[in-house]
$ cat upload15.tsv   # TSV, C-alpha atoms and all ligand atoms
chain	number	residue	atom	x	y	z
H	187	MET	CA	-82.18	130.02	-165.89
H	188	ARG	CA	-79.67	131.72	-163.64
H	189	ILE	CA	-80.98	133.25	-160.45
H	190	VAL	CA	-78.80	135.72	-158.56
H	191	SER	CA	-79.61	137.76	-155.47
H	192	GLY	CA	-77.84	139.45	-152.61
H	193	ILE	CA	-78.57	140.68	-149.12
H	194	GLN	CA	-76.62	143.08	-146.96
H	195	PRO	CA	-75.06	141.41	-143.92
H	196	THR	CA	-76.73	143.76	-141.48
H	197	GLY	CA	-77.07	141.18	-138.75
H	198	ASN	CA	-80.23	140.52	-136.80
H	199	LEU	CA	-82.49	139.10	-139.48
H	200	HIS	CA	-86.17	139.63	-138.84
H	201	LEU	CA	-89.51	138.46	-140.14
H	202	GLY	CA	-89.51	141.15	-142.83
H	203	ASN	CA	-86.25	139.79	-144.31
H	204	TYR	CA	-87.54	136.25	-144.05
H	205	LEU	CA	-90.90	136.77	-145.75
H	206	GLY	CA	-89.67	139.45	-148.14
H	207	ALA	CA	-86.55	137.73	-149.43
H	208	ILE	CA	-85.12	134.63	-147.86
H	209	ARG	CA	-88.14	132.36	-147.92
H	210	ASN	CA	-88.40	133.12	-151.61
H	211	TRP	CA	-84.71	132.31	-152.16
H	212	VAL	CA	-85.26	128.93	-150.56
H	213	ARG	CA	-88.30	128.30	-152.74
H	214	MET	CA	-86.37	129.13	-155.91
H	215	GLN	CA	-83.49	126.92	-154.85
H	216	ASP	CA	-85.90	124.04	-154.28
H	217	GLU	CA	-87.63	124.57	-157.63
H	218	HIS	CA	-84.52	124.67	-159.82
H	219	GLU	CA	-81.64	122.36	-160.55
H	220	ALA	CA	-78.57	122.46	-158.33
H	221	GLY	CA	-76.25	125.34	-159.24
H	222	ALA	CA	-78.98	127.51	-160.78
H	223	CYS	CA	-79.10	129.89	-157.81
H	224	LEU	CA	-76.34	132.17	-156.56
H	225	TYR	CA	-76.93	133.94	-153.26
H	226	PHE	CA	-74.41	136.29	-151.75
H	227	LEU	CA	-73.79	138.59	-148.84
H	228	ALA	CA	-73.36	142.11	-150.14
H	229	ASP	CA	-70.54	142.98	-147.77
H	230	LEU	CA	-68.96	145.39	-150.28
H	231	HIS	CA	-72.23	147.30	-150.34
H	232	ALA	CA	-71.98	147.70	-146.57
H	233	LEU	CA	-69.10	150.15	-147.12
H	234	SER	CA	-71.55	152.66	-148.58
H	235	GLN	CA	-72.62	153.72	-145.09
H	236	PRO	CA	-70.68	154.26	-141.88
H	237	HIS	CA	-69.86	150.83	-140.47
H	238	ASP	CA	-67.94	149.08	-137.74
H	239	PRO	CA	-65.40	146.61	-139.20
H	240	ALA	CA	-65.63	144.12	-136.32
H	241	GLN	CA	-69.40	144.23	-136.56
H	242	LEU	CA	-69.33	143.68	-140.33
H	243	ALA	CA	-67.15	140.60	-139.97
H	244	ALA	CA	-69.38	139.16	-137.24
H	245	SER	CA	-72.60	139.96	-139.12
H	246	THR	CA	-71.29	138.33	-142.27
H	247	LEU	CA	-70.79	134.98	-140.55
H	248	GLU	CA	-74.00	135.35	-138.61
H	249	MET	CA	-75.88	135.94	-141.84
H	250	VAL	CA	-74.49	132.75	-143.37
H	251	ALA	CA	-75.78	130.86	-140.32
H	252	ALA	CA	-79.17	132.53	-140.69
H	253	LEU	CA	-79.46	131.75	-144.40
H	254	VAL	CA	-78.52	128.11	-143.90
H	255	ALA	CA	-80.92	127.88	-140.93
H	256	CYS	CA	-83.70	129.21	-143.17
H	257	GLY	CA	-83.05	126.47	-145.73
H	258	ILE	CA	-80.37	127.71	-148.13
H	259	ASP	CA	-78.35	124.59	-148.94
H	260	PRO	CA	-74.72	125.42	-149.77
H	261	ASP	CA	-74.49	122.19	-151.78
H	262	ARG	CA	-77.29	123.24	-154.11
H	263	SER	CA	-76.95	127.03	-154.11
H	264	VAL	CA	-73.72	128.96	-154.53
H	265	LEU	CA	-73.51	130.86	-151.24
H	266	PHE	CA	-70.70	133.39	-150.89
H	267	ASN	CA	-69.69	136.92	-149.95
H	268	GLN	CA	-68.64	139.57	-152.48
H	269	ALA	CA	-65.35	140.33	-150.73
H	270	GLN	CA	-63.97	136.93	-151.72
H	271	VAL	CA	-64.86	137.39	-155.37
H	272	PRO	CA	-62.81	140.36	-156.65
H	273	ALA	CA	-64.62	140.18	-160.00
H	274	HIS	CA	-67.52	142.13	-158.43
H	275	ALA	CA	-65.35	145.16	-157.71
H	276	GLU	CA	-63.52	144.80	-161.01
H	277	LEU	CA	-66.66	144.67	-163.08
H	278	GLN	CA	-68.09	147.61	-161.20
H	279	TRP	CA	-65.15	149.70	-162.33
H	280	LEU	CA	-65.58	148.57	-165.91
H	281	LEU	CA	-69.27	149.47	-165.77
H	282	ASN	CA	-68.53	152.89	-164.30
H	283	GLY	CA	-67.59	153.91	-167.81
H	284	THR	CA	-71.05	152.98	-169.06
H	285	ALA	CA	-73.32	154.12	-166.21
H	286	ARG	CA	-74.43	157.75	-166.57
H	287	MET	CA	-74.55	160.43	-163.84
H	288	GLY	CA	-78.10	161.25	-164.92
H	289	TRP	CA	-79.20	157.65	-164.35
H	290	LEU	CA	-77.72	157.49	-160.87
H	291	ASN	CA	-79.10	160.90	-159.99
H	292	ARG	CA	-82.58	159.47	-160.41
H	293	MET	CA	-82.11	156.61	-157.92
H	294	THR	CA	-84.59	157.06	-155.10
H	295	GLN	CA	-82.63	154.91	-152.65
H	296	PHE	CA	-79.67	157.29	-152.86
H	297	LYS	CA	-81.98	160.24	-152.30
H	298	ASP	CA	-83.60	158.53	-149.31
H	299	LYS	CA	-80.37	157.36	-147.72
H	300	SER	CA	-78.37	160.52	-148.29
H	301	GLY	CA	-81.28	162.72	-147.23
H	302	LYS	CA	-80.25	166.27	-146.51
H	303	ASN	CA	-76.59	165.27	-146.31
H	304	ARG	CA	-76.00	164.69	-150.01
H	305	GLU	CA	-72.59	166.38	-149.97
H	306	GLY	CA	-71.47	164.23	-147.06
H	307	ALA	CA	-72.68	160.92	-148.52
H	308	SER	CA	-70.03	158.47	-149.65
H	309	ILE	CA	-69.25	157.93	-153.32
H	310	ALA	CA	-70.02	154.27	-152.62
H	311	LEU	CA	-73.59	155.18	-151.68
H	312	PHE	CA	-73.95	156.99	-155.01
H	313	THR	CA	-72.44	154.19	-157.10
H	314	TYR	CA	-74.09	151.43	-155.04
H	315	PRO	CA	-76.44	150.55	-157.92
H	316	VAL	CA	-73.51	150.08	-160.32
H	317	LEU	CA	-71.98	147.50	-157.98
H	318	GLN	CA	-75.40	145.89	-157.78
H	319	ALA	CA	-75.51	145.76	-161.58
H	320	ALA	CA	-72.06	144.14	-161.61
H	321	ASP	CA	-73.31	141.58	-159.05
H	322	VAL	CA	-75.90	140.20	-161.41
H	323	LEU	CA	-74.38	140.87	-164.86
H	324	LEU	CA	-71.22	139.02	-163.84
H	325	TYR	CA	-73.15	135.75	-163.73
H	326	GLN	CA	-75.46	136.28	-166.73
H	327	ALA	CA	-78.39	136.38	-164.31
H	328	THR	CA	-81.71	135.87	-166.04
H	329	HIS	CA	-83.80	136.38	-162.90
H	330	VAL	CA	-83.16	138.47	-159.82
H	331	PRO	CA	-85.50	138.04	-156.86
H	332	VAL	CA	-85.77	141.36	-155.04
H	333	GLY	CA	-88.15	143.39	-152.96
H	334	ASP	CA	-90.19	146.13	-154.56
H	335	ASP	CA	-87.73	148.78	-153.33
H	336	GLN	CA	-84.97	147.30	-155.53
H	337	LYS	CA	-86.90	147.38	-158.80
H	338	GLN	CA	-85.31	150.66	-159.86
H	339	HIS	CA	-81.81	149.26	-159.30
H	340	LEU	CA	-82.66	146.28	-161.49
H	341	GLU	CA	-83.88	148.57	-164.26
H	342	LEU	CA	-80.57	150.39	-164.03
H	343	ALA	CA	-78.72	147.08	-164.37
H	344	ARG	CA	-80.67	146.42	-167.56
H	345	ASP	CA	-79.89	149.91	-168.90
H	346	ILE	CA	-76.19	149.43	-168.17
H	347	ALA	CA	-76.14	145.98	-169.79
H	348	GLN	CA	-77.96	147.25	-172.86
H	349	LYS	CA	-75.74	150.32	-173.32
H	350	PHE	CA	-72.58	148.28	-172.83
H	351	ASN	CA	-73.71	145.72	-175.40
H	352	VAL	CA	-74.69	148.41	-177.90
H	353	ASP	CA	-71.51	150.45	-177.39
H	354	PHE	CA	-68.94	147.65	-177.27
H	355	VAL	CA	-70.29	144.60	-179.07
H	356	PRO	CA	-70.12	145.18	-182.84
H	357	GLY	CA	-73.39	144.23	-184.53
H	358	TYR	CA	-75.33	143.86	-181.27
H	359	GLY	CA	-78.98	144.78	-181.63
H	360	GLU	CA	-78.71	145.56	-185.33
H	361	GLU	CA	-81.41	144.39	-187.67
H	362	ASP	CA	-81.19	140.67	-188.51
H	363	SER	CA	-78.17	140.34	-186.27
H	364	ASP	CA	-78.03	137.49	-183.80
H	365	VAL	CA	-74.82	138.68	-182.17
H	366	LYS	CA	-75.00	138.01	-178.44
H	367	GLY	CA	-74.14	140.74	-175.98
H	368	VAL	CA	-71.47	140.47	-173.31
H	369	PHE	CA	-74.27	140.80	-170.77
H	370	THR	CA	-77.71	139.25	-170.36
H	371	LEU	CA	-80.51	141.65	-169.44
H	372	PRO	CA	-81.89	140.37	-166.10
H	373	ASP	CA	-85.55	140.36	-165.11
H	374	PRO	CA	-86.59	141.17	-161.56
H	375	ILE	CA	-88.77	138.69	-159.73
H	376	ILE	CA	-90.85	140.46	-157.15
H	377	PRO	CA	-92.76	137.88	-155.13
H	378	PRO	CA	-96.45	138.83	-155.01
H	379	GLU	CA	-96.66	138.18	-151.30
H	380	ALA	CA	-93.49	140.08	-150.52
H	381	ALA	CA	-96.11	142.27	-149.04
H	382	ARG	CA	-94.16	144.82	-147.15
H	383	ILE	CA	-94.03	143.55	-143.63
H	384	MET	CA	-94.60	146.54	-141.38
H	385	SER	CA	-93.55	147.39	-137.84
H	386	LEU	CA	-95.67	145.85	-135.08
H	387	ARG	CA	-95.80	149.27	-133.43
H	388	ASP	CA	-96.64	151.40	-136.48
H	389	GLY	CA	-98.48	150.12	-139.53
H	390	ALA	CA	-96.97	152.90	-141.66
H	391	ALA	CA	-93.28	152.02	-141.06
H	392	LYS	CA	-91.46	149.05	-142.55
H	393	MET	CA	-90.32	146.37	-140.11
H	394	SER	CA	-86.66	147.25	-139.71
H	395	LYS	CA	-83.65	146.21	-137.74
H	396	SER	CA	-82.85	149.86	-137.11
H	397	ASP	CA	-86.12	150.60	-135.32
H	398	PRO	CA	-85.10	151.49	-131.74
H	399	SER	CA	-87.99	149.45	-130.34
H	400	ASP	CA	-87.34	145.71	-130.38
H	401	MET	CA	-91.09	145.26	-129.91
H	402	SER	CA	-91.55	146.55	-133.46
H	403	ARG	CA	-90.13	143.41	-135.07
H	404	ILE	CA	-89.90	139.66	-134.77
H	405	ASN	CA	-86.28	138.60	-134.95
H	406	LEU	CA	-85.13	135.21	-136.14
H	407	VAL	CA	-83.43	134.84	-132.76
H	408	ASP	CA	-86.67	135.35	-130.81
H	409	ASP	CA	-87.98	132.25	-129.07
H	410	ALA	CA	-91.61	131.18	-128.97
H	411	ASP	CA	-92.39	133.14	-125.79
H	412	GLU	CA	-90.91	136.34	-127.14
H	413	ILE	CA	-92.80	135.94	-130.40
H	414	MET	CA	-96.08	135.48	-128.59
H	415	LYS	CA	-95.40	138.45	-126.32
H	416	LYS	CA	-94.61	140.72	-129.26
H	417	VAL	CA	-97.66	139.65	-131.23
H	418	LYS	CA	-99.93	140.17	-128.23
H	419	LYS	CA	-98.52	143.64	-127.65
H	420	ALA	CA	-98.68	144.57	-131.34
H	421	LYS	CA	-100.58	147.77	-132.02
H	422	THR	CA	-104.12	147.25	-133.30
H	423	ASP	CA	-107.43	149.05	-133.34
H	424	PRO	CA	-110.55	148.23	-131.30
H	425	GLU	CA	-112.64	146.92	-134.24
H	426	PRO	CA	-113.15	143.22	-134.93
H	427	LEU	CA	-111.58	141.87	-138.13
H	428	PRO	CA	-113.60	142.41	-141.32
H	429	SER	CA	-114.71	139.42	-143.36
H	430	GLU	CA	-113.03	140.55	-146.56
H	431	ALA	CA	-109.85	142.32	-147.65
H	432	ALA	CA	-111.58	145.60	-148.59
H	433	GLY	CA	-112.51	146.07	-144.92
H	434	LEU	CA	-108.84	146.41	-143.99
H	435	GLU	CA	-108.53	149.69	-145.82
H	436	GLY	CA	-107.50	152.49	-143.49
H	437	ARG	CA	-106.49	149.93	-140.82
H	438	PRO	CA	-102.76	149.53	-141.48
H	439	GLU	CA	-101.95	147.63	-138.28
H	440	ALA	CA	-104.76	145.15	-138.76
H	441	ALA	CA	-103.82	144.76	-142.43
H	442	ASN	CA	-100.21	144.07	-141.47
H	443	LEU	CA	-101.05	141.33	-138.99
H	444	VAL	CA	-103.49	139.68	-141.38
H	445	GLY	CA	-100.89	139.97	-144.16
H	446	ILE	CA	-98.29	138.27	-141.98
H	447	TYR	CA	-100.70	135.48	-141.14
H	448	ALA	CA	-101.55	134.99	-144.82
H	449	ALA	CA	-97.89	134.91	-145.87
H	450	MET	CA	-96.94	132.46	-143.14
H	451	ALA	CA	-99.91	130.16	-143.75
H	452	GLY	CA	-99.63	130.33	-147.54
H	453	GLN	CA	-103.19	131.64	-147.75
H	454	SER	CA	-104.80	134.67	-149.32
H	455	VAL	CA	-105.90	137.58	-147.13
H	456	ASP	CA	-109.51	136.70	-147.97
H	457	GLN	CA	-108.99	133.12	-146.82
H	458	VAL	CA	-107.62	134.34	-143.51
H	459	LEU	CA	-110.53	136.72	-143.09
H	460	ALA	CA	-113.03	133.98	-143.95
H	461	GLU	CA	-111.76	132.26	-140.82
H	462	PHE	CA	-111.24	135.23	-138.50
H	463	GLY	CA	-113.69	137.85	-139.82
H	464	GLY	CA	-116.01	139.12	-137.08
H	465	HIS	CA	-113.59	138.06	-134.35
H	466	GLY	CA	-111.51	140.44	-132.29
H	467	PHE	CA	-107.74	140.47	-131.86
H	468	GLY	CA	-108.14	138.53	-128.62
H	469	LYS	CA	-108.73	135.50	-130.77
H	470	PHE	CA	-106.58	136.37	-133.80
H	471	LYS	CA	-103.36	137.33	-132.03
H	472	PRO	CA	-102.79	134.03	-130.21
H	473	ALA	CA	-103.44	132.16	-133.47
H	474	LEU	CA	-100.92	134.36	-135.27
H	475	GLY	CA	-98.37	134.03	-132.46
H	476	GLU	CA	-98.65	130.27	-132.57
H	477	LEU	CA	-98.33	130.09	-136.34
H	478	LEU	CA	-95.21	132.27	-136.21
H	479	ALA	CA	-93.63	130.34	-133.37
H	480	GLU	CA	-94.33	127.03	-135.08
H	481	THR	CA	-92.55	128.06	-138.29
H	482	LEU	CA	-89.76	130.09	-136.78
H	483	SER	CA	-88.82	127.86	-133.82
H	484	PRO	CA	-86.97	125.23	-135.86
H	485	ILE	CA	-85.17	127.99	-137.81
H	486	ASN	CA	-84.27	129.66	-134.56
H	487	ALA	CA	-82.90	126.42	-133.09
H	488	ARG	CA	-80.76	125.68	-136.17
H	489	PHE	CA	-79.51	129.26	-136.27
H	490	VAL	CA	-78.39	129.24	-132.65
H	491	GLU	CA	-76.50	126.00	-133.26
H	492	LEU	CA	-74.89	126.96	-136.58
H	493	LYS	CA	-73.78	130.34	-135.26
H	494	GLN	CA	-71.36	128.66	-132.86
H	495	ASP	CA	-69.41	126.92	-135.60
H	496	ARG	CA	-67.40	129.73	-137.16
H	497	GLU	CA	-65.04	127.34	-138.87
H	498	MET	CA	-67.83	125.65	-140.75
H	499	LEU	CA	-69.39	128.99	-141.70
H	500	GLY	CA	-66.02	130.16	-143.05
H	501	ALA	CA	-65.69	126.93	-145.02
H	502	ILE	CA	-69.13	127.41	-146.60
H	503	LEU	CA	-68.13	130.89	-147.79
H	504	ALA	CA	-64.74	129.70	-149.06
H	505	LYS	CA	-66.34	126.95	-151.10
H	506	GLY	CA	-69.01	129.28	-152.47
H	507	ALA	CA	-66.41	131.88	-153.42
H	508	LEU	CA	-64.36	129.32	-155.31
H	509	LYS	CA	-67.37	128.38	-157.40
H	510	ALA	CA	-68.45	132.02	-157.88
H	511	ARG	CA	-64.97	133.03	-159.08
H	512	GLU	CA	-65.07	130.26	-161.64
H	513	LEU	CA	-68.54	131.25	-162.85
H	514	ALA	CA	-67.60	134.94	-163.05
H	515	ARG	CA	-64.41	134.55	-165.06
H	516	PRO	CA	-65.74	134.19	-168.63
H	517	THR	CA	-67.98	137.26	-168.39
H	518	LEU	CA	-65.33	139.37	-166.72
H	519	ASP	CA	-62.80	138.38	-169.39
H	520	ALA	CA	-65.30	139.19	-172.14
H	521	ALA	CA	-65.93	142.62	-170.61
H	522	TYR	CA	-62.22	143.49	-170.41
H	523	LYS	CA	-61.76	142.34	-173.99
H	524	ALA	CA	-64.76	144.23	-175.35
H	525	LEU	CA	-63.38	147.42	-173.79
H	526	GLY	CA	-59.98	146.98	-175.45
H	527	LEU	CA	-58.12	146.49	-172.19
H	528	VAL	CA	-54.91	144.55	-172.79
H	529	ARG	CA	-54.20	141.81	-170.23
H	530	GLY	CA	-51.16	139.61	-170.91
M	601	LIG	N1	-79.44	146.28	-152.70
M	601	LIG	C1	-80.02	145.01	-152.27
M	601	LIG	C2	-80.86	145.29	-151.03
M	601	LIG	O1	-80.60	146.19	-150.28
M	601	LIG	C3	-78.96	144.01	-151.94
M	601	LIG	C4	-78.21	143.63	-153.18
M	601	LIG	C5	-76.93	143.94	-153.49
M	601	LIG	C6	-78.74	142.88	-154.26
M	601	LIG	N2	-76.60	143.42	-154.70
M	601	LIG	C7	-77.67	142.77	-155.20
M	601	LIG	C8	-79.98	142.30	-154.54
M	601	LIG	C9	-77.84	142.09	-156.41
M	601	LIG	C10	-80.14	141.62	-155.74
M	601	LIG	C11	-79.08	141.53	-156.66
M	601	LIG	O2	-81.80	144.56	-150.80

$ encode --input "upload15.tsv" --output "structure tokens"
Amino acid sequence: MRIVSGIQPTGNLHLGNYLGAIRNWVRMQDEHEAGACLYFLADLHALSQPHDPAQLAASTLEMVAALVACGIDPDRSVLFNQAQVPAHAELQWLLNGTARMGWLNRMTQFKDKSGKNREGASIALFTYPVLQAADVLLYQATHVPVGDDQKQHLELARDIAQKFNVDFVPGYGEEDSDVKGVFTLPDPIIPPEAARIMSLRDGAAKMSKSDPSDMSRINLVDDADEIMKKVKKAKTDPEPLPSEAAGLEGRPEAANLVGIYAAMAGQSVDQVLAEFGGHGFGKFKPALGELLAETLSPINARFVELKQDREMLGAILAKGALKARELARPTLDAAYKALGLVRG
């Protein structure tokens, strides 16, 4: 089993990132043998949208601190950033020959992010999913933990891997042939409870670091008082909580808060409602605020401390990159060779 996943170093991690991705990364690390998991900062992907270089550099280190604070152990997981592993960019170019315009044209993330400005979008935004395919194929990933919104990109990675193997590995996929491909087809792992964590101000919008209102999200840097304040001010409706999940239908804000409680407590929504059903938010919100503060406070404290030590954060990335380069080499070499590219 080889688990590979990436996250963009956007800075300012929030509860949505934690419950949707990082907590699951930590769980997978803890469940598998050392070295099975590779986690990286997708700093090359950050070039797909307008960015500030100084900010990118700072966010990259900050994100390492956040991941380690959340429980990623650089001795057990390979933790690195793409920019220090040139094989990512190299393999992307090799895969550009296999990926089809028609496939990329169907990617909903490109449509969403380019919006009405398709002509002005960067080429990197268009080919973003090919780099993402390179990220995982490079390491023969068998499993890729991602949020629901990345499922389509994972399917593309499988299509690219399959077409490459069929086109460039003689005998691959033929009847009775056991020829192995250059690439493994990866499976997405979408955690069931990666329930989309929504904004505290609007149950229809995802919790996001780009929301102008800081009250809309719980940041990993928020202390216990801030967390409690934000939960208490979270938008709700005047009804008491229902006693089962079906009663949350049409109540997106209530459903979001109950979903957050369930995810944090490791309970089902029905279990939470068995406890709080019939009660108003005056009782539920303080309980939720406390639960959040309890779990996030130690993470927050570690994060604040780790963030200061830039040298150590740089050393973690250097060590991770060394290991990643070593793991990437055989597959990259095999891809060059399969394509007939002569190298020395
Ligand atoms: N596109 C992913 C996201 O926005 C980040 C990412 C980049 C990724 N490369 C990856 C995730 C490879 C999984 C595997 O969430």

$ atom_distance --input "upload15.tsv" --atom1 "atom CA of H:Thr284" --atom2 "atom CA of H:Phe350"
6.2 Å

$ closest_residue --input "upload15.tsv" --among "H:Tyr314, H:Tyr204, H:Phe369, H:Trp289" --to "ligand LIG 601 (chain M)" --atoms "all atoms listed in the file"
H:Tyr314

$ residues_near_point --input "upload15.tsv" --point "(-68.4, 141.3, -147.1)" --cutoff "7 Å" --atoms "only C-alpha atoms" --output "PyMOL selection string"
chain H and resi 227-230+246+267-269

$ write_last_selection --input "upload15.tsv" --atoms "C-alpha atoms" --output "PDB file, keeping the file's coordinate frame"
ATOM      1  CA  LEU H 227     -73.790 138.590-148.840  1.00  0.00           C
ATOM      2  CA  ALA H 228     -73.360 142.110-150.140  1.00  0.00           C
ATOM      3  CA  ASP H 229     -70.540 142.980-147.770  1.00  0.00           C
ATOM      4  CA  LEU H 230     -68.960 145.390-150.280  1.00  0.00           C
ATOM      5  CA  THR H 246     -71.290 138.330-142.270  1.00  0.00           C
ATOM      6  CA  ASN H 267     -69.690 136.920-149.950  1.00  0.00           C
ATOM      7  CA  GLN H 268     -68.640 139.570-152.480  1.00  0.00           C
ATOM      8  CA  ALA H 269     -65.350 140.330-150.730  1.00  0.00           C
TER       9      ALA H 269
END

$ atom_distance --input "upload15.tsv" --atom1 "atom CA of H:Asn303" --atom2 "atom CA of H:Ser396"
19.0 Å

$ closest_atom_pairs --input "upload15.tsv" --of "chain H" --to "ligand LIG 601 (chain M)" --cutoff "10 Å" --atoms "all atoms listed in the file" --output "CSV"
residue,atom,partner,partner_atom,distance
H:Ile189,CA,M:LIG601,C11,9.3
H:Val190,CA,M:LIG601,C11,6.1
H:Ser191,CA,M:LIG601,C10,3.9
H:Gly192,CA,M:LIG601,C6,3.9
H:Ile193,CA,M:LIG601,C3,4.4
H:Gln194,CA,M:LIG601,C3,5.6
H:Pro195,CA,M:LIG601,C3,9.3
H:Thr196,CA,M:LIG601,O1,9.9
H:Asn203,CA,M:LIG601,O2,9.2
H:Gly206,CA,M:LIG601,O2,9.8
H:Ala207,CA,M:LIG601,O2,8.4
H:Leu224,CA,M:LIG601,C11,9.8
H:Tyr225,CA,M:LIG601,C11,8.6
H:Phe226,CA,M:LIG601,N2,8.0
H:Leu227,CA,M:LIG601,C5,7.8
H:Ala228,CA,M:LIG601,C5,5.2
H:Asp229,CA,M:LIG601,C5,8.6
H:Leu230,CA,M:LIG601,C5,8.7
H:His231,CA,M:LIG601,C5,6.6
H:Ala232,CA,M:LIG601,C5,9.3
H:Gln268,CA,M:LIG601,N2,9.1
H:His274,CA,M:LIG601,N2,9.9
H:Gln295,CA,M:LIG601,N1,9.2
H:Tyr314,CA,M:LIG601,N1,7.8
H:Pro315,CA,M:LIG601,N1,7.4
H:Val316,CA,M:LIG601,N2,9.2
H:Leu317,CA,M:LIG601,N2,7.0
H:Gln318,CA,M:LIG601,N2,4.1
H:Ala319,CA,M:LIG601,C9,6.8
H:Ala320,CA,M:LIG601,C9,8.0
H:Asp321,CA,M:LIG601,C9,5.3
H:Val322,CA,M:LIG601,C9,5.7
H:Leu323,CA,M:LIG601,C9,9.2
H:Ala327,CA,M:LIG601,C11,9.2
H:His329,CA,M:LIG601,C11,9.4
H:Val330,CA,M:LIG601,C10,6.0
H:Pro331,CA,M:LIG601,C10,6.5
H:Val332,CA,M:LIG601,C10,5.7
H:Gly333,CA,M:LIG601,O2,6.8
H:Asp334,CA,M:LIG601,O2,9.3
H:Asp335,CA,M:LIG601,O2,7.7
H:Gln336,CA,M:LIG601,N1,6.3
H:Lys337,CA,M:LIG601,C10,9.4
H:His339,CA,M:LIG601,N1,7.6
H:Leu340,CA,M:LIG601,C11,7.7
H:Ala343,CA,M:LIG601,C9,9.4
H:Pro372,CA,M:LIG601,C11,9.9
H:Pro374,CA,M:LIG601,C10,8.7
H:Ile375,CA,M:LIG601,C10,9.9
